[in-house]
Amino acid sequence: MAPFEIDFNTLVEGKPMKIMVDSTPVCLVKIKDEVFAVEDTCSHADASLSEGELNGYRIECWLHGAEFDVRTGEAVVPPAVAPLKRFVVERNSDQLLINHPNTQVKENK
Ligand code: FES
């Protein structure tokens, strides 16, 4: 599985971006100096979360108003209850690699 590669400066603060990791749509968000990646399809029905509003660390689904925490993928406001899958964001300077959650990533600690 190939990671998705993107420059950190391409992302706009607070403006979600939809990317594809393998064949999965992923919602990428930049908040302060951090980048989070969760699956883009709402766990309630078939809506694209990157078209929703970001309020702090919560993204709101435009279709029925569910909200998810982009740090954990947790559904925090109904009608969605199932969490979103999180994707791994690896950062080397301004280069970001977005990996499928099942991919083993070497951690720089
Ligand atoms: S599709 Fe997202 S809340 Fe219903």
# chains A, B, ... in the order shown; residues from 1 in each chain; ligands from 1
call {"tool": "residues_around", "arguments": {"residues": "Val35 in chain A", "least_positions_apart": "5", "cutoff": "12 Å", "atoms": "only C-alpha atoms", "output": "ChimeraX atom specification"}}
result
/A:6-17,27-30,57,70-71,86-91,94-98
call {"tool": "write_last_selection", "arguments": {"atoms": "N, CA and C atoms", "output": "PDB file, in the first residue's frame"}}
result
ATOM      1  N   ILE A   6       2.162  14.658   0.454  1.00  0.00           N
ATOM      2  CA  ILE A   6       1.709  16.034   0.232  1.00  0.00           C
ATOM      3  C   ILE A   6       2.600  16.991   1.033  1.00  0.00           C
ATOM      4  N   ASP A   7       2.761  18.202   0.514  1.00  0.00           N
ATOM      5  CA  ASP A   7       3.543  19.219   1.211  1.00  0.00           C
ATOM      6  C   ASP A   7       2.673  19.863   2.298  1.00  0.00           C
ATOM      7  N   PHE A   8       3.220  20.001   3.485  1.00  0.00           N
ATOM      8  CA  PHE A   8       2.503  20.591   4.617  1.00  0.00           C
ATOM      9  C   PHE A   8       1.902  21.953   4.251  1.00  0.00           C
ATOM     10  N   ASN A   9       2.627  22.748   3.473  1.00  0.00           N
ATOM     11  CA  ASN A   9       2.185  24.107   3.135  1.00  0.00           C
ATOM     12  C   ASN A   9       1.042  24.153   2.138  1.00  0.00           C
ATOM     13  N   THR A  10       0.719  23.008   1.541  1.00  0.00           N
ATOM     14  CA  THR A  10      -0.420  22.933   0.626  1.00  0.00           C
ATOM     15  C   THR A  10      -1.728  23.013   1.407  1.00  0.00           C
ATOM     16  N   LEU A  11      -1.688  22.553   2.654  1.00  0.00           N
ATOM     17  CA  LEU A  11      -2.910  22.513   3.463  1.00  0.00           C
ATOM     18  C   LEU A  11      -3.217  23.885   4.041  1.00  0.00           C
ATOM     19  N   VAL A  12      -4.490  24.224   4.057  1.00  0.00           N
ATOM     20  CA  VAL A  12      -4.925  25.505   4.615  1.00  0.00           C
ATOM     21  C   VAL A  12      -5.512  25.234   5.998  1.00  0.00           C
ATOM     22  N   GLU A  13      -5.050  25.997   6.967  1.00  0.00           N
ATOM     23  CA  GLU A  13      -5.517  25.876   8.359  1.00  0.00           C
ATOM     24  C   GLU A  13      -7.049  25.879   8.429  1.00  0.00           C
ATOM     25  N   GLY A  14      -7.616  24.856   9.065  1.00  0.00           N
ATOM     26  CA  GLY A  14      -9.059  24.815   9.283  1.00  0.00           C
ATOM     27  C   GLY A  14      -9.903  24.486   8.059  1.00  0.00           C
ATOM     28  N   LYS A  15      -9.250  24.197   6.928  1.00  0.00           N
ATOM     29  CA  LYS A  15     -10.012  23.886   5.713  1.00  0.00           C
ATOM     30  C   LYS A  15      -9.745  22.429   5.332  1.00  0.00           C
ATOM     31  N   PRO A  16     -10.731  21.539   5.541  1.00  0.00           N
ATOM     32  CA  PRO A  16     -10.508  20.123   5.251  1.00  0.00           C
ATOM     33  C   PRO A  16     -10.214  19.865   3.771  1.00  0.00           C
ATOM     34  N   MET A  17      -9.389  18.856   3.516  1.00  0.00           N
ATOM     35  CA  MET A  17      -9.054  18.491   2.139  1.00  0.00           C
ATOM     36  C   MET A  17      -9.272  16.987   1.952  1.00  0.00           C
ATOM     37  N   CYS A  27     -10.062  12.356   4.791  1.00  0.00           N
ATOM     38  CA  CYS A  27     -10.226  13.784   5.088  1.00  0.00           C
ATOM     39  C   CYS A  27      -9.002  14.240   5.886  1.00  0.00           C
ATOM     40  N   LEU A  28      -8.304  15.200   5.313  1.00  0.00           N
ATOM     41  CA  LEU A  28      -7.075  15.702   5.913  1.00  0.00           C
ATOM     42  C   LEU A  28      -7.340  17.090   6.476  1.00  0.00           C
ATOM     43  N   VAL A  29      -6.964  17.327   7.733  1.00  0.00           N
ATOM     44  CA  VAL A  29      -7.163  18.663   8.296  1.00  0.00           C
ATOM     45  C   VAL A  29      -5.905  19.140   9.008  1.00  0.00           C
ATOM     46  N   LYS A  30      -5.649  20.428   8.848  1.00  0.00           N
ATOM     47  CA  LYS A  30      -4.506  21.066   9.515  1.00  0.00           C
ATOM     48  C   LYS A  30      -5.076  21.976  10.589  1.00  0.00           C
ATOM     49  N   TYR A  57     -11.404  20.955  17.051  1.00  0.00           N
ATOM     50  CA  TYR A  57     -10.972  19.634  16.607  1.00  0.00           C
ATOM     51  C   TYR A  57     -12.145  18.781  16.119  1.00  0.00           C
ATOM     52  N   VAL A  70     -11.461  14.848  15.169  1.00  0.00           N
ATOM     53  CA  VAL A  70     -10.481  14.415  14.163  1.00  0.00           C
ATOM     54  C   VAL A  70      -9.218  13.825  14.803  1.00  0.00           C
ATOM     55  N   ARG A  71      -9.013  14.072  16.108  1.00  0.00           N
ATOM     56  CA  ARG A  71      -7.828  13.504  16.762  1.00  0.00           C
ATOM     57  C   ARG A  71      -7.999  12.023  17.028  1.00  0.00           C
ATOM     58  N   ARG A  86      -8.859   6.113  11.611  1.00  0.00           N
ATOM     59  CA  ARG A  86      -7.805   7.137  11.550  1.00  0.00           C
ATOM     60  C   ARG A  86      -6.678   6.666  10.662  1.00  0.00           C
ATOM     61  N   PHE A  87      -6.072   7.592   9.978  1.00  0.00           N
ATOM     62  CA  PHE A  87      -4.922   7.301   9.134  1.00  0.00           C
ATOM     63  C   PHE A  87      -3.678   7.879   9.786  1.00  0.00           C
ATOM     64  N   VAL A  88      -2.561   7.275   9.471  1.00  0.00           N
ATOM     65  CA  VAL A  88      -1.304   7.663  10.110  1.00  0.00           C
ATOM     66  C   VAL A  88      -0.655   8.797   9.320  1.00  0.00           C
ATOM     67  N   VAL A  89      -0.351   9.887  10.021  1.00  0.00           N
ATOM     68  CA  VAL A  89       0.311  11.023   9.374  1.00  0.00           C
ATOM     69  C   VAL A  89       1.758  11.058   9.847  1.00  0.00           C
ATOM     70  N   GLU A  90       2.669  10.892   8.904  1.00  0.00           N
ATOM     71  CA  GLU A  90       4.093  10.925   9.208  1.00  0.00           C
ATOM     72  C   GLU A  90       4.651  12.219   8.641  1.00  0.00           C
ATOM     73  N   ARG A  91       5.383  12.963   9.459  1.00  0.00           N
ATOM     74  CA  ARG A  91       5.883  14.250   8.975  1.00  0.00           C
ATOM     75  C   ARG A  91       7.405  14.309   9.044  1.00  0.00           C
ATOM     76  N   ASP A  94       8.599  19.456   5.945  1.00  0.00           N
ATOM     77  CA  ASP A  94       7.323  19.853   5.330  1.00  0.00           C
ATOM     78  C   ASP A  94       6.677  18.733   4.518  1.00  0.00           C
ATOM     79  N   GLN A  95       7.321  17.588   4.481  1.00  0.00           N
ATOM     80  CA  GLN A  95       6.752  16.485   3.709  1.00  0.00           C
ATOM     81  C   GLN A  95       5.861  15.628   4.614  1.00  0.00           C
ATOM     82  N   LEU A  96       4.628  15.408   4.157  1.00  0.00           N
ATOM     83  CA  LEU A  96       3.697  14.568   4.913  1.00  0.00           C
ATOM     84  C   LEU A  96       3.445  13.285   4.150  1.00  0.00           C
ATOM     85  N   LEU A  97       3.439  12.171   4.880  1.00  0.00           N
ATOM     86  CA  LEU A  97       3.065  10.896   4.279  1.00  0.00           C
ATOM     87  C   LEU A  97       1.842  10.399   5.031  1.00  0.00           C
ATOM     88  N   ILE A  98       0.781  10.113   4.284  1.00  0.00           N
ATOM     89  CA  ILE A  98      -0.450   9.637   4.905  1.00  0.00           C
ATOM     90  C   ILE A  98      -0.571   8.156   4.578  1.00  0.00           C
TER      91      ILE A  98
END
call {"tool": "residues_near_ligand", "arguments": {"ligand": "ligand 1", "cutoff": "7 Å", "atoms": "only C-alpha atoms and all ligand atoms", "output": "list in words"}}
result
Cys42, Ser43, His44, Ala45, Asp46, Ala47, Cys61, Trp62, Leu63, His64, Gly65, Ala66, Pro79 and Ala80 of chain A
call {"tool": "select_by_dssp", "arguments": {"residues": "range 19-96 of chain A", "states": "strand (DSSP E or B)", "output": "ChimeraX atom specification"}}
result
/A:19-21,24-31,34-39,41,48,53-55,58-60,67-69,75-77,86,88-92,95-96
call {"tool": "closest_residue", "arguments": {"among": "A:Asp40, A:Asp22, A:Glu34, A:Glu5", "to": "Glu60 in chain A", "atoms": "only C-alpha atoms"}}
result
A:Asp40
call {"tool": "closest_residue", "arguments": {"among": "A:Pro3, A:Gly52, A:Pro101, A:Pro78", "to": "Val38 in chain A", "atoms": "only C-alpha atoms"}}
result
A:Pro101
call {"tool": "atom_distance", "arguments": {"atom1": "CA of Leu84 in chain A", "atom2": "CA of Asn102 in chain A"}}
result
14.2 Å
call {"tool": "select_by_dssp", "arguments": {"residues": "chain A", "states": "helix (DSSP H, G or I)", "output": "PyMOL selection string"}}
result
chain A and resi 8-10+49-51
call {"tool": "write_last_selection", "arguments": {"atoms": "C-alpha atoms", "output": "short mmCIF file (atom, residue, chain, number, x, y, z; two decimals), in the first residue's frame"}}
result
data_model
loop_
_atom_site.label_atom_id
_atom_site.label_comp_id
_atom_site.auth_asym_id
_atom_site.auth_seq_id
_atom_site.Cartn_x
_atom_site.Cartn_y
_atom_site.Cartn_z
CA PHE A 8 2.50 20.59 4.62
CA ASN A 9 2.18 24.11 3.13
CA THR A 10 -0.42 22.93 0.63
CA LEU A 49 -16.82 14.95 5.69
CA SER A 50 -14.29 17.15 3.91
CA GLU A 51 -17.28 19.15 2.68
#
call {"tool": "atom_distance", "arguments": {"atom1": "CA of Asp33 in chain A", "atom2": "CA of Asn92 in chain A"}}
result
13.2 Å
call {"tool": "decode", "arguments": {"residues": "range 18-109 of chain A", "atoms": "C-alpha atoms", "output": "PDB file, in the first residue's frame"}}
result
ATOM      1  CA  LYS A  18     -10.118  15.214   0.549  1.00  0.00           C
ATOM      2  CA  ILE A  19      -7.338  12.913  -0.637  1.00  0.00           C
ATOM      3  CA  MET A  20      -7.217   9.269  -1.707  1.00  0.00           C
ATOM      4  CA  VAL A  21      -5.045   6.756   0.126  1.00  0.00           C
ATOM      5  CA  ASP A  22      -5.049   3.662  -2.053  1.00  0.00           C
ATOM      6  CA  SER A  23      -8.726   3.633  -2.945  1.00  0.00           C
ATOM      7  CA  THR A  24     -10.010   5.069   0.330  1.00  0.00           C
ATOM      8  CA  PRO A  25     -11.178   8.690   0.559  1.00  0.00           C
ATOM      9  CA  VAL A  26      -9.489  10.427   3.468  1.00  0.00           C
ATOM     10  CA  CYS A  27     -10.226  13.784   5.088  1.00  0.00           C
ATOM     11  CA  LEU A  28      -7.075  15.702   5.913  1.00  0.00           C
ATOM     12  CA  VAL A  29      -7.163  18.663   8.296  1.00  0.00           C
ATOM     13  CA  LYS A  30      -4.506  21.066   9.515  1.00  0.00           C
ATOM     14  CA  ILE A  31      -5.137  22.542  12.953  1.00  0.00           C
ATOM     15  CA  LYS A  32      -2.503  24.822  14.451  1.00  0.00           C
ATOM     16  CA  ASP A  33       0.687  23.017  13.523  1.00  0.00           C
ATOM     17  CA  GLU A  34      -0.751  19.513  13.427  1.00  0.00           C
ATOM     18  CA  VAL A  35      -2.298  17.417  10.683  1.00  0.00           C
ATOM     19  CA  PHE A  36      -4.965  14.783  11.253  1.00  0.00           C
ATOM     20  CA  ALA A  37      -6.356  12.225   8.840  1.00  0.00           C
ATOM     21  CA  VAL A  38      -9.621  10.317   9.210  1.00  0.00           C
ATOM     22  CA  GLU A  39     -11.742   8.453   6.706  1.00  0.00           C
ATOM     23  CA  ASP A  40     -13.740  10.920   4.641  1.00  0.00           C
ATOM     24  CA  THR A  41     -17.019   9.029   4.500  1.00  0.00           C
ATOM     25  CA  CYS A  42     -19.327   9.743   7.430  1.00  0.00           C
ATOM     26  CA  SER A  43     -20.056   6.635   9.500  1.00  0.00           C
ATOM     27  CA  HIS A  44     -23.778   7.505   9.518  1.00  0.00           C
ATOM     28  CA  ALA A  45     -24.441   7.496   5.781  1.00  0.00           C
ATOM     29  CA  ASP A  46     -22.653   8.341   2.561  1.00  0.00           C
ATOM     30  CA  ALA A  47     -21.538  11.962   2.956  1.00  0.00           C
ATOM     31  CA  SER A  48     -18.092  13.431   2.443  1.00  0.00           C
ATOM     32  CA  LEU A  49     -16.819  14.950   5.687  1.00  0.00           C
ATOM     33  CA  SER A  50     -14.286  17.146   3.913  1.00  0.00           C
ATOM     34  CA  GLU A  51     -17.281  19.150   2.677  1.00  0.00           C
ATOM     35  CA  GLY A  52     -18.314  19.791   6.287  1.00  0.00           C
ATOM     36  CA  GLU A  53     -17.367  22.495   8.768  1.00  0.00           C
ATOM     37  CA  LEU A  54     -14.429  22.290  11.119  1.00  0.00           C
ATOM     38  CA  ASN A  55     -14.949  23.730  14.616  1.00  0.00           C
ATOM     39  CA  GLY A  56     -11.857  23.328  16.752  1.00  0.00           C
ATOM     40  CA  TYR A  57     -10.972  19.634  16.607  1.00  0.00           C
ATOM     41  CA  ARG A  58     -14.495  18.650  15.545  1.00  0.00           C
ATOM     42  CA  ILE A  59     -15.662  18.171  12.015  1.00  0.00           C
ATOM     43  CA  GLU A  60     -19.389  18.426  11.359  1.00  0.00           C
ATOM     44  CA  CYS A  61     -21.070  16.347   8.698  1.00  0.00           C
ATOM     45  CA  TRP A  62     -23.025  18.635   6.365  1.00  0.00           C
ATOM     46  CA  LEU A  63     -25.770  16.057   5.779  1.00  0.00           C
ATOM     47  CA  HIS A  64     -27.300  15.386   9.218  1.00  0.00           C
ATOM     48  CA  GLY A  65     -25.005  17.269  11.593  1.00  0.00           C
ATOM     49  CA  ALA A  66     -23.011  14.480  13.268  1.00  0.00           C
ATOM     50  CA  GLU A  67     -19.679  15.608  14.668  1.00  0.00           C
ATOM     51  CA  PHE A  68     -16.416  13.710  14.946  1.00  0.00           C
ATOM     52  CA  ASP A  69     -13.211  14.447  16.818  1.00  0.00           C
ATOM     53  CA  VAL A  70     -10.481  14.415  14.163  1.00  0.00           C
ATOM     54  CA  ARG A  71      -7.828  13.504  16.762  1.00  0.00           C
ATOM     55  CA  THR A  72      -9.482  10.219  17.695  1.00  0.00           C
ATOM     56  CA  GLY A  73     -12.113   9.595  15.002  1.00  0.00           C
ATOM     57  CA  GLU A  74     -14.726   9.326  17.770  1.00  0.00           C
ATOM     58  CA  ALA A  75     -18.327  10.263  16.960  1.00  0.00           C
ATOM     59  CA  VAL A  76     -19.155  12.950  19.545  1.00  0.00           C
ATOM     60  CA  VAL A  77     -22.531  14.207  18.291  1.00  0.00           C
ATOM     61  CA  PRO A  78     -25.283  11.933  16.875  1.00  0.00           C
ATOM     62  CA  PRO A  79     -26.769  10.681  14.635  1.00  0.00           C
ATOM     63  CA  ALA A  80     -23.412   8.991  13.891  1.00  0.00           C
ATOM     64  CA  VAL A  81     -22.246   6.576  16.588  1.00  0.00           C
ATOM     65  CA  ALA A  82     -19.483   4.546  14.943  1.00  0.00           C
ATOM     66  CA  PRO A  83     -15.997   6.053  14.977  1.00  0.00           C
ATOM     67  CA  LEU A  84     -14.055   6.971  11.856  1.00  0.00           C
ATOM     68  CA  LYS A  85     -10.934   5.060  10.910  1.00  0.00           C
ATOM     69  CA  ARG A  86      -7.805   7.137  11.550  1.00  0.00           C
ATOM     70  CA  PHE A  87      -4.922   7.301   9.134  1.00  0.00           C
ATOM     71  CA  VAL A  88      -1.304   7.663  10.110  1.00  0.00           C
ATOM     72  CA  VAL A  89       0.311  11.023   9.374  1.00  0.00           C
ATOM     73  CA  GLU A  90       4.093  10.925   9.208  1.00  0.00           C
ATOM     74  CA  ARG A  91       5.883  14.250   8.975  1.00  0.00           C
ATOM     75  CA  ASN A  92       9.447  14.883   7.868  1.00  0.00           C
ATOM     76  CA  SER A  93       9.965  18.628   7.829  1.00  0.00           C
ATOM     77  CA  ASP A  94       7.323  19.853   5.330  1.00  0.00           C
ATOM     78  CA  GLN A  95       6.752  16.485   3.709  1.00  0.00           C
ATOM     79  CA  LEU A  96       3.697  14.568   4.913  1.00  0.00           C
ATOM     80  CA  LEU A  97       3.065  10.896   4.279  1.00  0.00           C
ATOM     81  CA  ILE A  98      -0.450   9.637   4.905  1.00  0.00           C
ATOM     82  CA  ASN A  99      -0.609   5.918   5.476  1.00  0.00           C
ATOM     83  CA  HIS A 100      -3.360   3.377   5.728  1.00  0.00           C
ATOM     84  CA  PRO A 101      -3.925   2.447   9.406  1.00  0.00           C
ATOM     85  CA  ASN A 102      -2.824  -1.117   8.738  1.00  0.00           C
ATOM     86  CA  THR A 103       0.584  -0.016   7.468  1.00  0.00           C
ATOM     87  CA  GLN A 104       3.437  -0.291   9.932  1.00  0.00           C
ATOM     88  CA  VAL A 105       5.153   3.072  10.297  1.00  0.00           C
ATOM     89  CA  LYS A 106       8.557   3.576  11.800  1.00  0.00           C
ATOM     90  CA  GLU A 107       8.199   6.125  14.597  1.00  0.00           C
ATOM     91  CA  ASN A 108      10.815   8.838  15.043  1.00  0.00           C
ATOM     92  CA  LYS A 109      11.147   9.091  18.774  1.00  0.00           C
TER      93      LYS A 109
END
